[in-house]
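What follows is a short report on a single structure.
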Amino acid sequence: MISQIMGVLFDGFAYGMLLFLLSVGLSVTLGLMNFTNLAHGSFAMLGGYVTVTLMRDAGWPFLLTLPVAFVAAAVASVAFERTLFRRLYRATELNQVLFTIGLVFVMAAAAAYVFGTVAQPVRVPDYLNGSFRIGGINFAVYRLFLIGMALVITVLLVIGLEMTRFGAQVRAAVDNQRMAKGLGIDVDTVFAVTFALGSGLAGLGGALAIEIVGLDPSFGFQYLVYVLIVVAVGGLGSIGGSFLAATLLGVSDVAGKFYVPQLGAFLIYAIMVGLLFFRPAGLFGKR
Amino acid sequence: MAGPGGARVDPHAWLARQTRWSAPEIAFWLAALLPFVLFPTYLTLASQIAITALFAVSLDLILGYAGIISLGHAVYFGIGAYTAGLIAKHGWGEPITGLIAGAVAATVVGYLTGLIVVRVRQLALLMITLGLGFLAAEAANSMGRITGGADGLQGVRVWDLFGAFEFDLYGYTAYGYSLAALFLVFLLSRRLVHSPFGLSLRGIRENQRRMPAIGAPNRARLLKVYTIAACFAGIAGALLAQTTQTVSLETLGFQRSADVAVMLILGGTGRLYGGIIGAVIFMIARDQLADMNPQYWYFWIGLLLMAVVLFLPTGVLGGLARLVPQRWRTA
């Protein structure tokens, strides 16, 4: 019984770490520019397809494709940001939502055109396969790897945001964009770099997600809701909040599906609506 | 735009002038009768368009006029549809009372959920309306014994309209019925948006903080219009259930909420005709392109959305309005 609960907690935590990677970038960019980018999940999908293509057609090893997935998503997102998104920073929220949903549709259709609608298989290397038992709990190696990656990235993010000059500029711009500009911070560039980093992390998350949840053209849409839940519940611009919200969501999703499958996703949406009703700015949001 | 911002306009005279019927409007509604004569084989589609237009008008009230961005408006559509469908299935097939029952059910749910919705803004608002939509879809899915689940509600039997007009295969009755409902709801909405209440909604949309400061608190007004919009959406849903004699889970799915927002933005928000024009364009395009793989249909929808937001932010009607001389304009 105990080991079963521990197993669910472990799987849920690994799933939560995946959701964290997918959503932390959106949390920061939304806090920074107030730009509601619903296409964030599509950049994750892009990263996933980069990994699949490199492994299948070019025979690259899995681990080597991960940085490429990161860079590809980052570069693509900056291209969109510089050419299209930036025209909409002053647009109404509705226009931002509709524009980026339009982009999700287009990217999903493009993925279906290029790769077909079937789920893409990916073979992770043998040393990431399999599992071992400690004290009756089953630890899947790949999930441990995922958790390790996410924790390293979290530490890097926190250090980068709290201890570097660039991080200070990002925090200043999130808190008060006009004041930051007044102090001579180039908010435009700060935003572009943050946007690239955030989308890159999503791309990395997308590549890592294939083994756990699969990859097909509806990915950008399917995980959009989860990503938005993490961002909204965690609070904009808060890494700690996103981490906590992603963990909560991951564990409750896995536990809910395991113990009360008849409720489906009901529980998660109910919790989200309730939480946001009492704390509209999220658990750690300032605004 | 000639508006209250102009010099020395008597507000009552201005409002009265807004409510006057213009020639293009009358022509528009007369043209809505044309399908009976010109396209008698397309009346089923025409009735679907009228229903969708009614749904889009209801969304326009909250989104275009009051500025509440909702990603879950299909909830009320679905509740109206299931209520009307269930009543007809269980032995009371009279259409008008079924329609009223659907509207009442949607109104009650709209009021209760509105209590939550009007308190939040921005991302939390998007997420709560989205969440409510998913909750409703999950609930309908899990109550399969009542709603029929994924198979849809079967065995809906609707009696003849006024005991005289049978819901025929060609859709004569369906279109007449839907069009009449659309026209009535349109008249009500038109009266509403040109009333001082409607004007205060636009004020809230433009500046959430200033309205309470000049003595017009937001929440009660937003709750009122949200409830009214839910009622109208329920009417649209009930119409769909009665004219198609079935209700599927899709009636309250996210797809329907998203589609109706697309139509509204396409036609132009904050104009009652925007939703109607958008619904006409969207539904006819979908009917014509029905052979296309849905994947690619959404490619074009996505591209269209991006283009409209970038180049035509006030929609088709807004774009047209710029071509029309000032003195002909209506709001």
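Ordering of the structure tokens sets the chain letters (A, B, ...); residue numbers start at 1 within each chain; ligands are numbered from 1 in the order shown.
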From the DSSP assignment of the backbone, select every residue of range 55-170 of chain A that is strand (DSSP E or B), and format the answer as a PDB file with N, CA and C atoms, in the first residue's frame.
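After the write, selection-v5.pdb holds the following:
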```
ATOM      1  N   SER A 131      13.980  -0.248 -15.359  1.00  0.00           N
ATOM      2  CA  SER A 131      13.685   0.314 -14.050  1.00  0.00           C
ATOM      3  C   SER A 131      14.341  -0.554 -12.996  1.00  0.00           C
ATOM      4  N   PHE A 132      14.426  -0.057 -11.793  1.00  0.00           N
ATOM      5  CA  PHE A 132      14.925  -0.885 -10.691  1.00  0.00           C
ATOM      6  C   PHE A 132      14.079  -0.625  -9.460  1.00  0.00           C
ATOM      7  N   ARG A 133      14.179  -1.545  -8.495  1.00  0.00           N
ATOM      8  CA  ARG A 133      13.331  -1.439  -7.308  1.00  0.00           C
ATOM      9  C   ARG A 133      14.170  -1.154  -6.084  1.00  0.00           C
ATOM     10  N   ILE A 134      13.715  -0.213  -5.290  1.00  0.00           N
ATOM     11  CA  ILE A 134      14.305   0.014  -3.980  1.00  0.00           C
ATOM     12  C   ILE A 134      13.163   0.036  -2.980  1.00  0.00           C
ATOM     13  N   ILE A 137       9.578  -0.064  -4.270  1.00  0.00           N
ATOM     14  CA  ILE A 137       9.083   0.983  -5.177  1.00  0.00           C
ATOM     15  C   ILE A 137       9.797   0.857  -6.504  1.00  0.00           C
ATOM     16  N   ASN A 138       9.026   0.960  -7.575  1.00  0.00           N
ATOM     17  CA  ASN A 138       9.563   0.821  -8.913  1.00  0.00           C
ATOM     18  C   ASN A 138      10.037   2.184  -9.431  1.00  0.00           C
ATOM     19  N   PHE A 139      11.328   2.300  -9.685  1.00  0.00           N
ATOM     20  CA  PHE A 139      11.841   3.553 -10.240  1.00  0.00           C
ATOM     21  C   PHE A 139      12.183   3.349 -11.715  1.00  0.00           C
ATOM     22  N   ALA A 140      11.472   4.041 -12.593  1.00  0.00           N
ATOM     23  CA  ALA A 140      11.827   3.959 -14.000  1.00  0.00           C
ATOM     24  C   ALA A 140      13.007   4.891 -14.241  1.00  0.00           C
TER      25      ALA A 140
END
```
### Task
With a cut-off of 8 Å and counting only C-alpha atoms, select all residues of chain B in contact with chain A and give the selection as a PyMOL selection string.
chain B and resi 69+116+119-124+127-128+131-132+134-135+138-139+142+262+295-296+298-306+309+313
### Task
Write down as a ChimeraX atom specification the residues belonging to range 149-287 of chain A that are assigned helix (DSSP H, G or I) by DSSP computed on the backbone.
/A:149-163,165-175,177-182,187-213,219-234,239-259,261-263,266-278
Identify, on the basis of only C-alpha atoms, every residue whose closest approach to Gly47 in chain A does not exceed 12 Å; exclude the query and any residue fewer than 4 positions from it along the same chain; express the result as a JSON list (two decimals) with C-alpha atoms, in the first residue's frame.
```
[["chain", "number", "residue", "atom", "x", "y", "z"],
["A", 22, "LEU", "CA", 6.93, 22.93, -20.69],
["A", 40, "HIS", "CA", 3.88, 28.17, -26.39],
["A", 41, "GLY", "CA", 2.92, 24.49, -26.53],
["A", 42, "SER", "CA", 3.49, 24.49, -30.27],
["A", 43, "PHE", "CA", 7.14, 25.38, -29.76],
["A", 51, "THR", "CA", 14.30, 15.15, -31.94],
["A", 52, "VAL", "CA", 12.23, 12.55, -33.79],
["A", 53, "THR", "CA", 13.53, 13.62, -37.18],
["A", 54, "LEU", "CA", 17.18, 13.74, -36.13],
["A", 65, "THR", "CA", 19.26, 15.80, -30.14],
["A", 66, "LEU", "CA", 18.13, 17.51, -26.94],
["A", 67, "PRO", "CA", 20.28, 20.66, -27.30],
["A", 68, "VAL", "CA", 19.24, 20.89, -30.95],
["A", 69, "ALA", "CA", 15.57, 20.71, -29.95],
["A", 70, "PHE", "CA", 16.24, 23.53, -27.47],
["A", 71, "VAL", "CA", 17.98, 25.72, -30.03],
["A", 72, "ALA", "CA", 15.46, 25.05, -32.80],
["A", 73, "ALA", "CA", 12.50, 26.04, -30.63],
["A", 74, "ALA", "CA", 14.37, 29.10, -29.35],
["A", 75, "VAL", "CA", 15.32, 30.31, -32.82],
["A", 76, "ALA", "CA", 11.85, 29.70, -34.26],
["A", 77, "SER", "CA", 10.19, 31.52, -31.39],
["A", 111, "ALA", "CA", 2.96, 19.11, -38.54],
["A", 199, "SER", "CA", 10.53, 28.62, -25.79],
["A", 200, "GLY", "CA", 13.79, 26.68, -25.89],
["A", 201, "LEU", "CA", 12.93, 25.08, -22.56],
["A", 202, "ALA", "CA", 9.51, 24.22, -23.98],
["A", 203, "GLY", "CA", 11.24, 22.64, -26.99],
["A", 204, "LEU", "CA", 13.44, 20.62, -24.64],
["A", 205, "GLY", "CA", 10.35, 19.61, -22.66],
["A", 206, "GLY", "CA", 8.65, 18.55, -25.88],
["A", 207, "ALA", "CA", 11.60, 16.35, -26.81],
["A", 208, "LEU", "CA", 11.68, 14.78, -23.36],
["A", 209, "ALA", "CA", 7.91, 14.31, -23.33],
["A", 210, "ILE", "CA", 7.74, 11.94, -26.31],
["A", 215, "LEU", "CA", 3.93, 13.09, -29.88],
["A", 219, "PHE", "CA", 0.44, 18.10, -28.90],
["A", 220, "GLY", "CA", 0.51, 21.89, -28.92]]
```
### Query
If we count only C-alpha atoms, what is near range 286-292 of chain B at a cut-off of 12 Å, once residues fewer than 5 positions away on the same chain are taken out, given as number ranges by chain?
B: 42, 44-46, 48-49, 259, 263, 279-281, 297-301
Output the selection as a PDB file, in the first residue's frame - N, CA and C atoms for each residue.
```pdb
ATOM      1  N   TYR B  42     -31.129  24.226 -49.377  1.00  0.00           N
ATOM      2  CA  TYR B  42     -30.106  24.522 -48.371  1.00  0.00           C
ATOM      3  C   TYR B  42     -30.718  25.016 -47.067  1.00  0.00           C
ATOM      4  N   THR B  44     -31.697  23.499 -44.405  1.00  0.00           N
ATOM      5  CA  THR B  44     -31.137  22.918 -43.195  1.00  0.00           C
ATOM      6  C   THR B  44     -29.878  23.679 -42.792  1.00  0.00           C
ATOM      7  N   LEU B  45     -29.029  23.946 -43.792  1.00  0.00           N
ATOM      8  CA  LEU B  45     -27.823  24.733 -43.517  1.00  0.00           C
ATOM      9  C   LEU B  45     -28.209  26.126 -43.036  1.00  0.00           C
ATOM     10  N   ALA B  46     -29.225  26.713 -43.701  1.00  0.00           N
ATOM     11  CA  ALA B  46     -29.636  28.064 -43.324  1.00  0.00           C
ATOM     12  C   ALA B  46     -30.090  28.105 -41.875  1.00  0.00           C
ATOM     13  N   GLN B  48     -29.075  26.106 -39.495  1.00  0.00           N
ATOM     14  CA  GLN B  48     -27.857  25.992 -38.663  1.00  0.00           C
ATOM     15  C   GLN B  48     -27.149  27.334 -38.561  1.00  0.00           C
ATOM     16  N   ILE B  49     -27.131  28.062 -39.687  1.00  0.00           N
ATOM     17  CA  ILE B  49     -26.472  29.372 -39.683  1.00  0.00           C
ATOM     18  C   ILE B  49     -27.210  30.321 -38.746  1.00  0.00           C
ATOM     19  N   ASP B 259     -14.834  28.150 -31.951  1.00  0.00           N
ATOM     20  CA  ASP B 259     -15.393  28.484 -33.263  1.00  0.00           C
ATOM     21  C   ASP B 259     -16.211  29.760 -33.209  1.00  0.00           C
ATOM     22  N   MET B 263     -15.776  33.245 -35.322  1.00  0.00           N
ATOM     23  CA  MET B 263     -16.805  33.898 -36.147  1.00  0.00           C
ATOM     24  C   MET B 263     -16.977  35.350 -35.755  1.00  0.00           C
ATOM     25  N   ALA B 279     -20.901  34.400 -38.649  1.00  0.00           N
ATOM     26  CA  ALA B 279     -21.482  33.055 -38.667  1.00  0.00           C
ATOM     27  C   ALA B 279     -21.826  32.647 -40.096  1.00  0.00           C
ATOM     28  N   VAL B 280     -22.375  33.590 -40.872  1.00  0.00           N
ATOM     29  CA  VAL B 280     -22.743  33.269 -42.255  1.00  0.00           C
ATOM     30  C   VAL B 280     -21.502  32.866 -43.053  1.00  0.00           C
ATOM     31  N   ILE B 281     -20.445  33.690 -42.953  1.00  0.00           N
ATOM     32  CA  ILE B 281     -19.229  33.392 -43.716  1.00  0.00           C
ATOM     33  C   ILE B 281     -18.624  32.059 -43.277  1.00  0.00           C
ATOM     34  N   TRP B 297      -8.535  22.192 -42.908  1.00  0.00           N
ATOM     35  CA  TRP B 297      -9.549  23.221 -42.646  1.00  0.00           C
ATOM     36  C   TRP B 297      -9.051  24.127 -41.521  1.00  0.00           C
ATOM     37  N   TYR B 298      -8.485  23.534 -40.471  1.00  0.00           N
ATOM     38  CA  TYR B 298      -8.005  24.371 -39.377  1.00  0.00           C
ATOM     39  C   TYR B 298      -6.749  25.149 -39.731  1.00  0.00           C
ATOM     40  N   PHE B 299      -6.014  24.662 -40.725  1.00  0.00           N
ATOM     41  CA  PHE B 299      -4.887  25.460 -41.209  1.00  0.00           C
ATOM     42  C   PHE B 299      -5.400  26.791 -41.746  1.00  0.00           C
ATOM     43  N   TRP B 300      -6.440  26.726 -42.568  1.00  0.00           N
ATOM     44  CA  TRP B 300      -6.956  27.958 -43.169  1.00  0.00           C
ATOM     45  C   TRP B 300      -7.635  28.829 -42.130  1.00  0.00           C
ATOM     46  N   ILE B 301      -8.333  28.185 -41.192  1.00  0.00           N
ATOM     47  CA  ILE B 301      -8.949  28.971 -40.117  1.00  0.00           C
ATOM     48  C   ILE B 301      -7.875  29.709 -39.323  1.00  0.00           C
TER      49      ILE B 301
END
```
### Task
Record the distance separating CA of Tyr65 in chain B and CA of Ile228 in chain B, expressed in Å with one decimal.
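The value is 12.7 Å.
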Go through range 218-297 of chain B residue by residue and, counting only C-alpha atoms, keep those with an atom at most 9 Å from range 183-198 of chain B; for each kept residue give the shortest atom pair and its distance in Å to one decimal, ordered by chain and increasing number, as JSON lines.
```
{"residue": "B:Arg221", "atom": "CA", "partner": "B:Phe197", "partner_atom": "CA", "distance": 7.8}
{"residue": "B:Val225", "atom": "CA", "partner": "B:Gly198", "partner_atom": "CA", "distance": 8.9}
{"residue": "B:Phe232", "atom": "CA", "partner": "B:Val185", "partner_atom": "CA", "distance": 7.1}
{"residue": "B:Ile235", "atom": "CA", "partner": "B:Val185", "partner_atom": "CA", "distance": 9.0}
{"residue": "B:Leu272", "atom": "CA", "partner": "B:Arg190", "partner_atom": "CA", "distance": 7.3}
```
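Minimum atom-to-atom distance to Phe145 in chain A, evaluated using only C-alpha atoms, belongs to A:Met17 out of A:Ala192, A:Leu244, A:Met17, A:Val118.
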